[in-house]
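Colleague: I have a structure I would like to understand better, so I am pasting it below and will then ask my questions one at a time.
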Amino acid sequence: MTTAALSLRRRPAARPGVLGLGVSTLWLSLIVLLPLAAVVVRSTDGGFDTFWNAVTSRQAIAALRFTIGVSLVATVVNVVTGTLIAWVLVRDEFRGKRVVNALIDLPFALPTIVAGLTLLALYGPTSPAGIDVAYTQTAVGLALLFVTLPFVVRSVQPVLIELDREMEEAATSLGASPATVFRRIVLPNLVPAILSGSALAFARAVGEFGSLVLISGNIPFHTQVASVYVFKQLESDNPTGAAAVSVVLLILSLIVLVAIRWLERWRSRHDGA
Amino acid sequence: MTARRGLRVAALGYLALLLIIPVGLVIYRTFEPGLGEVWDSITTPAAISAFWLTLEIAAIAVTINTVMGVITALLLVRGRFSGKWIIEALLDLPFAVSPVVVGLSLVLVYGRGGWLADLPFQVIFSLPGMVLATVFVSLPFVAREVIPVLREVGDEQEQAAATLGASQWQSFWRITLPAIRWGVAYGVILSTARAIGEFGAVSVVSGKVAGETVTLTLLVENRFQNFDLAGAYAASALLALIALATLLVMTLLRPRRDSDA
């Protein structure tokens with residue numbers, strides 16, 4: 001290659017330079033970093049002791065414990081039902097499949113407050129089926145299942161579509177039962193997708209607020225979740241207490257994000273091999 | 001084949017109980033009193049002002065996020081600099097942060113006693129705060145949709161354009177943007193849906209001044225708490241309609257987006 005051609009190749013194509021970097025960093029810092037930094041700083045306003053006392057107050061502990069517990073339960077249910085729904089949508093054929101497939105995204109599109117109202121209509125005091133779980137821990141779990149429904153399904157579906165059927169056919173021809181084929185061949189291929197989908201679902205569940213406002217009843221030590229606790233603390237003019245519990249939620253979000261990043265790296269190395 | 005049918009029944013039954021029957025029931029209850037009642041309920045002055053406020057906030061937030069999202073996507077895919085992971089992390093954080101924490105964080109920065117409390121205009125309990133909250137929660141969508149498309153299309157065409165004497169600006173408008181247009185469109189739809197439906201973050205910073213800072217989602221809560229169940233259902237139906245339209249557009253756009261990538 002001649003030097004002229006080399007210098008031509010080096011001409012950047014629509015590459016944002018220093019200006020783009022500056023604008024982007026400034027924007028993200030102003031919108032995301034500055035406010036979150038304020039939460040962290042404010043939570044330790046009165047020193048670490050104030051922070052620790054706020055986080056370990058009985059009501060805060062109860063709210064955090066319930067939030068993490070119910071989110072874990074919702075995540076585990078999602079692992080099973082999400083994988084099942086993805087499998088049915090990819091491998092099964094039935095009328096109306098495209099409509100069902102489109103409806104999976106409804107919880108993403110539907111405002112959370114409407115989701116809460118919707119569940120209250122069927123599972124609340126005015127339920128036509130006579131099931132009233134409003135203001136119980138079950139109701140909180142239901143709302144979390146509703147809003148986190150798409151994560152595992154949408155994470156597993158593309159992997160299942162790409163999955164090579166030949167291995168499964170070979171196993172079947174060698175006498176393996178459908179259950180064995182699923183457990184030994186399909187499932188191992190889906191594990192990374194299931195894990196990243198459920199990590200997203202867990203993160204979403206831990207921070208969920210809108211769908212719980214109407215349905216949880218916000219009973220301290222019973223159905224009060226951490227996000228509603230933060231809201232109430234701010235309302236009763238205790239921003240430091242609100243910030244302290246928020247920091248715990250932020251740490252949880254960060255852990256999940258790091259886990260997802262790590263999973264993605266592991267997956268791409270896996271796929272490359 | 002019976003096992004397969006059993007799985008199908010289980011999956012569809014779960015979806016019916018969790019999603020389809022509740023949503024159907026709300027739609028039924030909304031229209032039970034008659035179309036006229038619903039129309040009256042969503043054309044009260046409070047509902048109309050909430051509707052326009054919601055659209056105004058969404059329009060501002062989505063425009064900002066689209067422009068900045070494309071710039072950030074270009075930066076992350078094409079740029080060569082160290083510390084990329086910091087930008088990526090900041091971009092993903094809004095997916096994982098609780099909406100209430102977002103609202104709280106804005107109150108702590110712009111509210112009474114906050115770092116930027118003395119701006120010449122009011123932020124908290126007014127439009128700028130609600131826009132900031134909405135920008136935060138709908139921030140990653142455009143960038144996250146555009147990044148994989150940019151990776152896929154590569155930059156050969158742009159280099160060819162550059163060798164033929166096109167300026168960076170020309171090559172962006174004529175080559176890059178057309179190549180990523182469906183990714184951008186998909187990201188815009190997702191951000192718009194999120195912006196219109198946002199409740200938690202906006203609820204913290206709005207102050208809920210009737211006729212001024214009440215969005216549609218806040219109106220649903222407000223009506224429900226004032227025992228106006230029919231009114232809450234009507235406002236919800238309007239939001240659900242927007243959500244269904246979003247789903248429809250997503251379904252129509254998805255093949256185009258996927259053929260781009």
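Residue numbering restarts at 1 for every chain of the structure tokens, chains are lettered A, B, ... in their displayed order, and ligands are numbered from 1 as they appear.
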Compile a residue-level contact table for chain A against chain B at a cut-off of 6 Å, reporting for every qualifying residue the shortest atom pair and its distance in Å to one decimal, with only C-alpha atoms counted, rows ordered by chain and ascending number, as CSV.

Modeller:
residue,atom,partner,partner_atom,distance
A:Ala13,CA,B:Glu158,CA,5.2
A:Ala14,CA,B:Gln168,CA,4.9
A:Arg15,CA,B:Arg78,CA,5.9
A:Pro16,CA,B:Leu75,CA,5.8
A:Ser24,CA,B:Thr72,CA,5.8
A:Pro35,CA,B:Ser105,CA,4.7
A:Leu36,CA,B:Ser105,CA,5.8
A:Val39,CA,B:Ser105,CA,5.4
A:Ile85,CA,B:Ala11,CA,5.2
A:Val88,CA,B:Arg8,CA,5.9
A:Ala109,CA,B:Ala243,CA,4.9
A:Leu110,CA,B:Ala243,CA,5.3
A:Pro111,CA,B:Gly197,CA,4.1
A:Val114,CA,B:Ser236,CA,5.7
A:Thr118,CA,B:Pro22,CA,5.5
A:Leu119,CA,B:Pro22,CA,5.8
A:Leu122,CA,B:Pro22,CA,5.5
A:Ala203,CA,B:Ala96,CA,5.7
A:Gly207,CA,B:Ser98,CA,4.0
A:Gly210,CA,B:Gly200,CA,5.5
A:Ser246,CA,B:Val101,CA,5.9
A:Ser253,CA,B:Ala96,CA,5.3

Colleague: I need the chosen residues saved as a compact mmCIF listing (two decimals), in the first residue's frame, with N, CA and C atoms.

Modeller:
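New file part-v6.txt:
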# COMPACT_ATOMS: atom_id res chain seq x y z
N ALA A 13 -14.13 8.57 9.92
CA ALA A 13 -15.46 8.70 9.36
C ALA A 13 -16.45 8.93 10.48
N ALA A 14 -17.08 10.08 10.47
CA ALA A 14 -18.09 10.44 11.46
C ALA A 14 -17.71 9.95 12.85
N ARG A 15 -16.49 10.27 13.23
CA ARG A 15 -16.02 9.81 14.53
C ARG A 15 -16.08 10.99 15.49
N PRO A 16 -16.91 10.90 16.50
CA PRO A 16 -17.00 12.04 17.39
C PRO A 16 -15.67 12.23 18.10
N SER A 24 -20.84 14.40 25.76
CA SER A 24 -21.43 13.18 26.30
C SER A 24 -21.13 13.01 27.78
N PRO A 35 -26.77 13.80 40.51
CA PRO A 35 -27.84 13.48 41.46
C PRO A 35 -27.51 12.27 42.34
N LEU A 36 -26.94 11.21 41.73
CA LEU A 36 -26.67 10.02 42.53
C LEU A 36 -25.58 10.31 43.57
N VAL A 39 -27.10 11.82 46.55
CA VAL A 39 -27.73 10.85 47.45
C VAL A 39 -26.69 10.26 48.40
N ILE A 85 -42.41 -19.91 29.01
CA ILE A 85 -43.10 -19.10 28.00
C ILE A 85 -42.23 -18.95 26.76
N VAL A 88 -42.38 -22.19 24.80
CA VAL A 88 -43.67 -22.36 24.11
C VAL A 88 -43.74 -21.42 22.90
N ALA A 109 -44.60 -1.59 28.37
CA ALA A 109 -45.25 -0.43 27.77
C ALA A 109 -46.29 0.19 28.69
N LEU A 110 -46.90 -0.64 29.54
CA LEU A 110 -47.98 -0.16 30.40
C LEU A 110 -47.39 0.60 31.59
N PRO A 111 -47.86 1.84 31.84
CA PRO A 111 -47.36 2.57 33.01
C PRO A 111 -47.57 1.75 34.29
N VAL A 114 -50.77 2.03 36.25
CA VAL A 114 -51.88 1.33 35.61
C VAL A 114 -51.78 -0.17 35.89
N THR A 118 -54.66 -2.34 37.52
CA THR A 118 -55.14 -3.50 36.76
C THR A 118 -55.20 -4.74 37.65
N LEU A 119 -54.12 -4.99 38.40
CA LEU A 119 -54.09 -6.17 39.27
C LEU A 119 -55.13 -6.04 40.38
N LEU A 122 -58.65 -7.32 39.43
CA LEU A 122 -58.95 -8.75 39.47
C LEU A 122 -58.67 -9.37 40.83
N ALA A 203 -33.18 -6.69 39.57
CA ALA A 203 -32.89 -5.27 39.74
C ALA A 203 -34.17 -4.44 39.63
N GLY A 207 -36.25 -2.20 42.90
CA GLY A 207 -36.52 -0.76 42.87
C GLY A 207 -37.96 -0.40 42.57
N GLY A 210 -44.08 2.18 41.33
CA GLY A 210 -45.38 2.58 40.79
C GLY A 210 -46.47 1.53 40.95
N SER A 246 -31.70 4.62 50.23
CA SER A 246 -31.46 4.69 48.79
C SER A 246 -30.06 4.20 48.44
N SER A 253 -28.24 -2.23 42.98
CA SER A 253 -28.29 -2.03 41.53
C SER A 253 -26.92 -2.21 40.92

Colleague: Env of B:Glu145: 7 Å cut, atoms = only C-alpha atoms, seq-sep filter 4 positions within chain, self excluded. Answer as a PyMOL selection string.

Modeller: chain B and resi 141+183-184+187

Colleague: Enter the distance from atom CA of A:Gly46 to atom CA of B:Ser206, in Å, rounded to one decimal.

Modeller: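 Distance reported for this atom pair: 27.6 Å.
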
Colleague: Between atom CA of A:Met167 and atom CA of A:Val181, what is the distance in Å, rounded to a tenth?

Modeller: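 Computing the Euclidean distance for atom CA of A:Met167 and atom CA of A:Val181 yields 9.0 Å.
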
Colleague: Show me, as a list in words, the residues that have an atom within 8 Å of stretch 190-194 of chain A when counting only C-alpha atoms, minus same-chain residues fewer than 6 positions from it.

Modeller: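 Result of the neighbour search: Val79, Thr83, Val152, Ser155, Val156, Val159, Leu160, Leu263 and Arg267 of chain A.
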
Colleague: Can you tell me, as a ChimeraX atom specification, what residues are no more than 12 Å from A:Ala226 when counting only C-alpha atoms, ignoring any on the same chain fewer than 4 positions away?

Modeller: /A:55,59-71,205-209,212-213,216,218-222,230-233,241-250,252 /B:98-101
